[in-house]
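J.: What follows is final-v5.tsv, TSV, C-alpha atoms.
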```tsv
chain	number	residue	atom	x	y	z
A	1	MET	CA	-129.97	74.27	120.64
A	2	ARG	CA	-131.06	74.20	124.28
A	3	TYR	CA	-130.54	76.96	126.77
A	4	ASN	CA	-130.57	76.64	130.54
A	5	ALA	CA	-132.53	79.66	131.75
A	6	SER	CA	-132.12	78.87	135.43
A	7	PRO	CA	-130.65	81.81	137.38
A	8	PHE	CA	-128.74	79.23	139.47
A	9	ALA	CA	-127.01	77.61	136.51
A	10	GLY	CA	-123.29	77.30	137.12
A	11	LEU	CA	-123.48	78.16	140.83
A	12	PRO	CA	-121.71	75.85	143.30
A	13	VAL	CA	-123.95	73.86	145.60
A	14	VAL	CA	-123.51	75.77	148.89
A	15	VAL	CA	-123.91	79.23	147.36
A	16	LYS	CA	-126.97	78.04	145.43
A	17	ASN	CA	-128.63	76.58	148.52
A	18	LEU	CA	-127.82	79.60	150.67
A	19	LEU	CA	-129.51	81.83	148.09
A	20	ILE	CA	-132.57	79.57	147.95
A	21	ILE	CA	-132.90	79.26	151.73
A	22	ASN	CA	-132.62	83.01	152.28
A	23	VAL	CA	-135.29	83.74	149.67
A	24	ILE	CA	-137.65	81.09	151.07
A	25	VAL	CA	-137.24	82.39	154.63
A	26	PHE	CA	-137.89	85.95	153.44
A	27	LEU	CA	-141.11	84.85	151.69
A	28	LEU	CA	-142.25	83.00	154.82
A	29	LYS	CA	-141.65	86.14	156.84
A	30	LEU	CA	-143.32	88.40	154.26
A	31	THR	CA	-146.47	86.28	154.10
A	32	GLY	CA	-146.60	85.60	157.84
A	33	LEU	CA	-146.56	81.84	157.24
A	34	GLY	CA	-143.42	81.52	159.34
A	35	ASN	CA	-144.96	83.00	162.49
A	36	PHE	CA	-145.40	80.58	165.37
A	37	GLY	CA	-148.12	81.00	167.97
A	38	GLY	CA	-148.55	84.65	167.13
A	39	THR	CA	-144.82	85.38	167.52
A	40	ASP	CA	-143.15	86.89	164.47
A	41	MET	CA	-140.06	85.36	162.91
A	42	ASP	CA	-137.75	88.25	163.78
A	43	THR	CA	-138.49	87.73	167.47
A	44	LEU	CA	-137.93	83.98	167.24
A	45	PHE	CA	-134.96	83.85	164.89
A	46	GLY	CA	-133.34	87.30	164.92
A	47	LEU	CA	-130.37	87.68	167.25
A	48	HIS	CA	-131.21	89.17	170.63
A	49	PHE	CA	-128.68	90.29	173.21
A	50	PHE	CA	-127.68	87.56	175.66
A	51	ALA	CA	-129.26	89.36	178.65
A	52	SER	CA	-132.62	89.67	176.90
A	53	PRO	CA	-135.45	87.27	177.82
A	54	LEU	CA	-135.96	86.93	174.07
A	55	PHE	CA	-132.50	85.44	173.45
A	56	LYS	CA	-132.32	81.81	172.30
A	57	PRO	CA	-129.06	79.99	171.44
A	58	TRP	CA	-130.19	79.07	167.93
A	59	GLN	CA	-130.40	82.78	167.06
A	60	LEU	CA	-126.61	82.86	166.67
A	61	VAL	CA	-127.18	80.90	163.45
A	62	THR	CA	-130.74	81.70	162.38
A	63	HIS	CA	-130.24	85.48	162.34
A	64	MET	CA	-128.12	85.00	159.20
A	65	PHE	CA	-131.21	83.88	157.27
A	66	MET	CA	-133.49	86.71	158.41
A	67	HIS	CA	-133.64	90.08	156.63
A	68	GLY	CA	-135.31	93.38	157.38
A	69	GLY	CA	-136.70	94.04	153.89
A	70	PHE	CA	-136.29	93.36	150.21
A	71	ALA	CA	-133.40	95.81	149.74
A	72	HIS	CA	-131.55	94.27	152.70
A	73	LEU	CA	-132.03	90.78	151.27
A	74	ALA	CA	-131.13	91.83	147.73
A	75	LEU	CA	-127.86	93.53	148.70
A	76	ASN	CA	-126.67	90.60	150.80
A	77	MET	CA	-127.64	88.00	148.20
A	78	LEU	CA	-126.02	90.04	145.43
A	79	GLY	CA	-122.78	90.04	147.41
A	80	LEU	CA	-123.08	86.28	147.96
A	81	PHE	CA	-123.88	85.68	144.28
A	82	MET	CA	-120.95	87.76	143.01
A	83	LEU	CA	-118.16	87.00	145.47
A	84	ALA	CA	-118.78	83.56	146.95
A	85	PRO	CA	-118.71	81.18	143.92
A	86	PRO	CA	-114.97	81.63	143.17
A	87	LEU	CA	-114.20	80.92	146.83
A	88	GLU	CA	-116.34	77.78	146.95
A	89	TYR	CA	-114.83	76.48	143.70
A	90	LYS	CA	-111.32	77.12	145.03
A	91	TRP	CA	-111.79	75.82	148.58
A	92	GLY	CA	-114.48	73.19	148.14
A	93	SER	CA	-118.07	73.26	149.40
A	94	GLN	CA	-117.47	71.96	152.94
A	95	ARG	CA	-114.68	74.41	153.64
A	96	PHE	CA	-116.57	77.35	152.19
A	97	LEU	CA	-119.66	76.55	154.29
A	98	THR	CA	-117.45	76.27	157.39
A	99	PHE	CA	-115.96	79.70	156.69
A	100	TYR	CA	-119.39	81.24	156.01
A	101	LEU	CA	-120.95	79.94	159.23
A	102	ILE	CA	-117.96	80.75	161.43
A	103	THR	CA	-117.74	84.33	160.17
A	104	GLY	CA	-121.50	84.78	160.57
A	105	ILE	CA	-121.53	83.44	164.12
A	106	GLY	CA	-118.29	85.24	164.93
A	107	ALA	CA	-119.77	88.52	163.70
A	108	ALA	CA	-122.77	87.96	165.98
A	109	LEU	CA	-120.50	87.33	168.99
A	110	PHE	CA	-118.40	90.40	168.15
A	111	TYR	CA	-121.56	92.52	167.85
A	112	SER	CA	-122.96	91.16	171.12
A	113	GLY	CA	-119.63	91.55	172.91
A	114	VAL	CA	-119.40	95.26	172.12
A	115	HIS	CA	-123.02	95.66	173.20
A	116	ALA	CA	-122.23	93.87	176.47
A	117	ILE	CA	-119.67	96.55	177.32
A	118	GLU	CA	-122.17	99.31	176.59
A	119	TYR	CA	-125.00	97.51	178.39
A	120	ASN	CA	-122.98	96.99	181.58
A	121	GLN	CA	-122.14	100.69	181.63
A	122	LEU	CA	-125.74	101.77	181.05
A	123	ILE	CA	-127.33	99.63	183.77
A	124	GLN	CA	-125.15	101.34	186.35
A	125	ASN	CA	-127.31	104.43	185.84
A	126	ILE	CA	-130.76	102.92	186.39
A	127	SER	CA	-132.50	101.05	189.19
A	128	ALA	CA	-133.12	97.32	189.30
A	129	ASP	CA	-136.87	98.01	189.01
A	130	GLN	CA	-136.37	100.01	185.84
A	131	LEU	CA	-134.27	97.27	184.30
A	132	ALA	CA	-136.86	94.64	185.24
A	133	LEU	CA	-139.56	96.74	183.58
A	134	VAL	CA	-137.66	96.90	180.31
A	135	LYS	CA	-137.03	93.15	180.33
A	136	GLN	CA	-140.59	92.30	181.34
A	137	ASN	CA	-142.27	94.26	178.56
A	138	GLY	CA	-139.90	93.06	175.87
A	139	ALA	CA	-141.29	93.48	172.39
A	140	ASP	CA	-144.01	95.86	173.60
A	141	LEU	CA	-141.31	98.34	174.56
A	142	TRP	CA	-139.54	97.67	171.29
A	143	ALA	CA	-142.65	98.89	169.44
A	144	GLN	CA	-142.88	101.94	171.72
A	145	ARG	CA	-139.15	102.74	171.92
A	146	GLN	CA	-139.59	106.24	170.47
A	147	ASN	CA	-141.79	107.18	173.45
A	148	TYR	CA	-138.91	107.01	175.93
A	149	LEU	CA	-138.02	110.30	177.56
A	150	ASP	CA	-135.00	108.81	179.29
A	151	PRO	CA	-132.30	108.15	176.66
A	152	THR	CA	-130.59	105.62	178.93
A	153	LEU	CA	-133.72	103.48	179.21
A	154	GLY	CA	-134.34	103.90	175.51
A	155	ARG	CA	-130.89	102.63	174.63
A	156	ILE	CA	-131.14	99.69	177.04
A	157	ASN	CA	-134.47	98.82	175.48
A	158	GLU	CA	-132.92	98.85	172.00
A	159	ILE	CA	-130.07	96.58	173.08
A	160	LEU	CA	-132.39	94.11	174.81
A	161	ASN	CA	-135.39	94.05	172.52
A	162	ILE	CA	-134.42	94.93	168.96
A	163	PRO	CA	-133.03	91.88	167.16
A	164	MET	CA	-130.17	91.94	164.68
A	165	VAL	CA	-131.04	90.23	161.40
A	166	GLY	CA	-129.20	89.59	158.16
A	167	ALA	CA	-126.31	87.73	156.60
A	168	SER	CA	-124.14	90.86	156.45
A	169	GLY	CA	-121.54	89.59	158.93
A	170	ALA	CA	-120.94	86.45	156.86
A	171	ILE	CA	-121.06	88.42	153.59
A	172	TYR	CA	-118.39	90.82	154.84
A	173	GLY	CA	-116.34	87.79	155.86
A	174	VAL	CA	-116.70	86.51	152.29
A	175	LEU	CA	-115.70	89.93	150.97
A	176	LEU	CA	-112.56	89.89	153.12
A	177	ALA	CA	-111.69	86.37	151.96
A	178	PHE	CA	-112.23	87.33	148.32
A	179	GLY	CA	-109.93	90.32	148.70
A	180	MET	CA	-107.21	88.19	150.29
A	181	THR	CA	-107.58	85.31	147.82
A	182	PHE	CA	-108.05	87.32	144.63
A	183	PRO	CA	-106.45	90.67	145.59
A	184	ASN	CA	-105.91	91.98	142.07
A	185	VAL	CA	-109.31	91.10	140.59
A	186	GLU	CA	-111.06	94.34	139.64
A	187	LEU	CA	-114.53	95.08	141.01
A	188	ILE	CA	-116.97	97.91	140.40
A	189	MET	CA	-118.00	99.95	143.45
A	190	PHE	CA	-121.58	101.01	142.71
A	191	PRO	CA	-122.54	103.72	141.76
A	192	LEU	CA	-119.03	104.73	140.60
A	193	PRO	CA	-118.26	103.08	137.23
A	194	ILE	CA	-114.60	102.79	138.12
A	195	PRO	CA	-112.89	99.39	138.45
A	196	ILE	CA	-110.99	98.94	141.69
A	197	LYS	CA	-108.83	96.03	142.83
A	198	ALA	CA	-110.46	93.72	145.37
A	199	LYS	CA	-107.82	94.39	148.03
A	200	TYR	CA	-108.59	98.12	147.95
A	201	PHE	CA	-112.33	97.45	147.78
A	202	VAL	CA	-112.05	95.51	151.04
A	203	LEU	CA	-110.04	98.26	152.72
A	204	ILE	CA	-112.58	100.91	151.71
A	205	LEU	CA	-115.62	98.98	152.93
A	206	GLY	CA	-113.81	97.92	156.10
A	207	GLY	CA	-112.90	101.55	156.80
A	208	LEU	CA	-116.49	102.65	156.24
A	209	SER	CA	-117.76	99.98	158.64
A	210	LEU	CA	-115.27	101.08	161.28
A	211	PHE	CA	-116.20	104.75	160.85
A	212	ASN	CA	-119.94	104.02	160.98
A	213	SER	CA	-119.46	101.82	164.06
A	214	LEU	CA	-117.87	104.74	165.89
A	215	ASP	CA	-120.43	107.25	164.62
A	216	THR	CA	-123.39	107.16	167.03
A	217	ASN	CA	-126.23	108.11	164.70
A	218	PRO	CA	-129.58	107.32	166.37
A	219	GLY	CA	-131.31	107.06	162.99
A	220	ASP	CA	-128.92	104.42	161.69
A	221	ASN	CA	-130.28	100.89	162.17
A	222	VAL	CA	-127.53	99.12	160.21
A	223	ALA	CA	-125.45	96.68	162.27
A	224	HIS	CA	-122.06	98.09	161.26
A	225	LEU	CA	-120.46	96.25	164.16
A	226	ALA	CA	-121.56	92.96	162.60
A	227	HIS	CA	-120.01	93.99	159.27
A	228	LEU	CA	-116.76	94.81	161.00
A	229	GLY	CA	-116.96	91.66	163.12
A	230	GLY	CA	-117.38	89.46	160.05
A	231	MET	CA	-114.21	90.92	158.54
A	232	VAL	CA	-112.24	90.63	161.79
A	233	VAL	CA	-113.27	87.00	162.35
A	234	GLY	CA	-112.65	86.19	158.69
A	235	PHE	CA	-109.15	87.69	158.88
A	236	ILE	CA	-108.31	85.75	162.06
A	237	LEU	CA	-109.58	82.52	160.52
A	238	ILE	CA	-107.58	83.03	157.35
A	239	ARG	CA	-104.42	83.79	159.34
A	240	LEU	CA	-104.91	80.62	161.40
A	241	TRP	CA	-105.29	78.53	158.27
A	242	ARG	CA	-102.29	80.15	156.65
A	243	ASP	CA	-100.11	79.71	159.73
A	244	ARG	CA	-100.81	75.99	159.81
A	245	GLY	CA	-99.85	75.75	156.13
A	246	ASP	CA	-103.27	74.65	154.94
A	247	ASN	CA	-102.81	75.28	151.23
A	248	GLY	CA	-106.05	73.53	150.43
A	249	PHE	CA	-107.59	76.96	150.67
A	250	GLY	CA	-105.51	78.25	147.81
A	251	TRP	CA	-103.07	80.31	149.88
A	252	GLY	CA	-99.34	79.86	149.96
A	253	ARG	CA	-97.28	80.37	153.08
```
Spell out the structure here as structure tokens.
T.:
Amino acid sequence: MRYNASPFAGLPVVVKNLLIINVIVFLLKLTGLGNFGGTDMDTLFGLHFFASPLFKPWQLVTHMFMHGGFAHLALNMLGLFMLAPPLEYKWGSQRFLTFYLITGIGAALFYSGVHAIEYNQLIQNISADQLALVKQNGADLWAQRQNYLDPTLGRINEILNIPMVGASGAIYGVLLAFGMTFPNVELIMFPLPIPIKAKYFVLILGGLSLFNSLDTNPGDNVAHLAHLGGMVVGFILIRLWRDRGDNGFGWGR
């Protein structure tokens, strides 16, 4: 009797390749092999705010494959591994990949849009020379951000020079889609060993993301706005597909 010991056995093609790509990119970052010309991968491929000199258009996509550490990668890939396969099997690979990319990019735009409102308010309180200094020094100021005595400059520096990384926006979009497609499937919310229906699981995590987005904790470096944005964009996309009667996604009218 033969056994297939591959951890990817039984996974649909898009989910499998997303897992592989994310792990490879993380290893390249960890070893430094992915650095180009002395510039680290987070600076090149993490999402920077549109007004930052470090922003590049490709970052709207590439940030989804960058992660801040092993725990960050593991949590996102665990969510992808657990929730995404039923969706890809139900929708098909092309449609699932479309949903994943749109929610990831949409989450990035949502995150950047909220930051644009804050940024435009903040720059009203500083001089043009101060703003030019923050932009000019870029990553150097990112490394020294804790040295700021002026909280306004410090916050502007964070918005301009600290990139957002991770697939969380797309993963939360997948979570939302799972809850809407399989609402009564029971999931376990770690660390509580209590099964909870997917539709309630989504509501709880969505509520936590909203609360944390409104809670201005300076020590919190999690992009809660991206989590919330992924769910919002995912919901809008699902409603659009439903309204046009596209039952290929497994939803009735």
J.: With all atoms listed in the file as the basis for distance, which of A:Tyr89, A:Phe45, A:Tyr200, A:Phe65 is at the shortest distance from Gly169 (chain A)?
T.: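 Answer, going by the shortest atom-to-atom distance: A:Phe65.
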J.: Using all atoms listed in the file for the distances, tell me which of A:Ala226, A:Val202, A:Leu33, A:Leu54 is nearest to Gln136 (chain A).
T.: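 Once distances to Gln136 (chain A) are computed over all atoms listed in the file, the minimum belongs to A:Leu54.
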J.: Would you kindly return, as a list in words, each protein, DNA or RNA residue with an atom no farther than 9 Å from any atom of Pro85 (chain A), considering all atoms listed in the file and excluding same-chain residues fewer than 6 positions away?
T.: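 Listing them by chain and then by number gives Leu11, Pro12, Val14, Val15 and Lys16 of chain A.
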J.: Could you check the closest approach to Pro163 (chain A) for each of A:Thr43, A:Asn212, A:Asn35, A:Thr181 and tell me which residue wins, using all atoms listed in the file?
T.: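 Among the listed residues, the smallest separation from Pro163 (chain A) belongs to A:Thr43.
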J.: Tell me which of A:Tyr119, A:Tyr172, A:Phe201, A:Phe81 sits closest to Asn157 (chain A), counting all atoms listed in the file.
T.: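 Closest to Asn157 (chain A), using all atoms listed in the file: A:Tyr119.
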J.: Looking at only C-alpha atoms, which of A:Phe235, A:Phe182, A:Phe55, A:Phe50 is the one that sits closest to Leu109 (chain A)?
T.: A:Phe50
J.: Between A:Leu80, A:Ile123, A:His224, A:Phe178, which has the minimum distance to Gly154 (chain A) (counting only C-alpha atoms)?
T.: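 Residue with the minimum atom-to-atom distance to Gly154 (chain A): A:Ile123.
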J.: If we count only C-alpha atoms, what is near Gly79 (chain A) at a cut-off of 9 Å, once residues fewer than 3 positions away on the same chain are taken out, given as a PyMOL selection string?
T.: chain A and resi 74-76+82-84+171-172+174-175
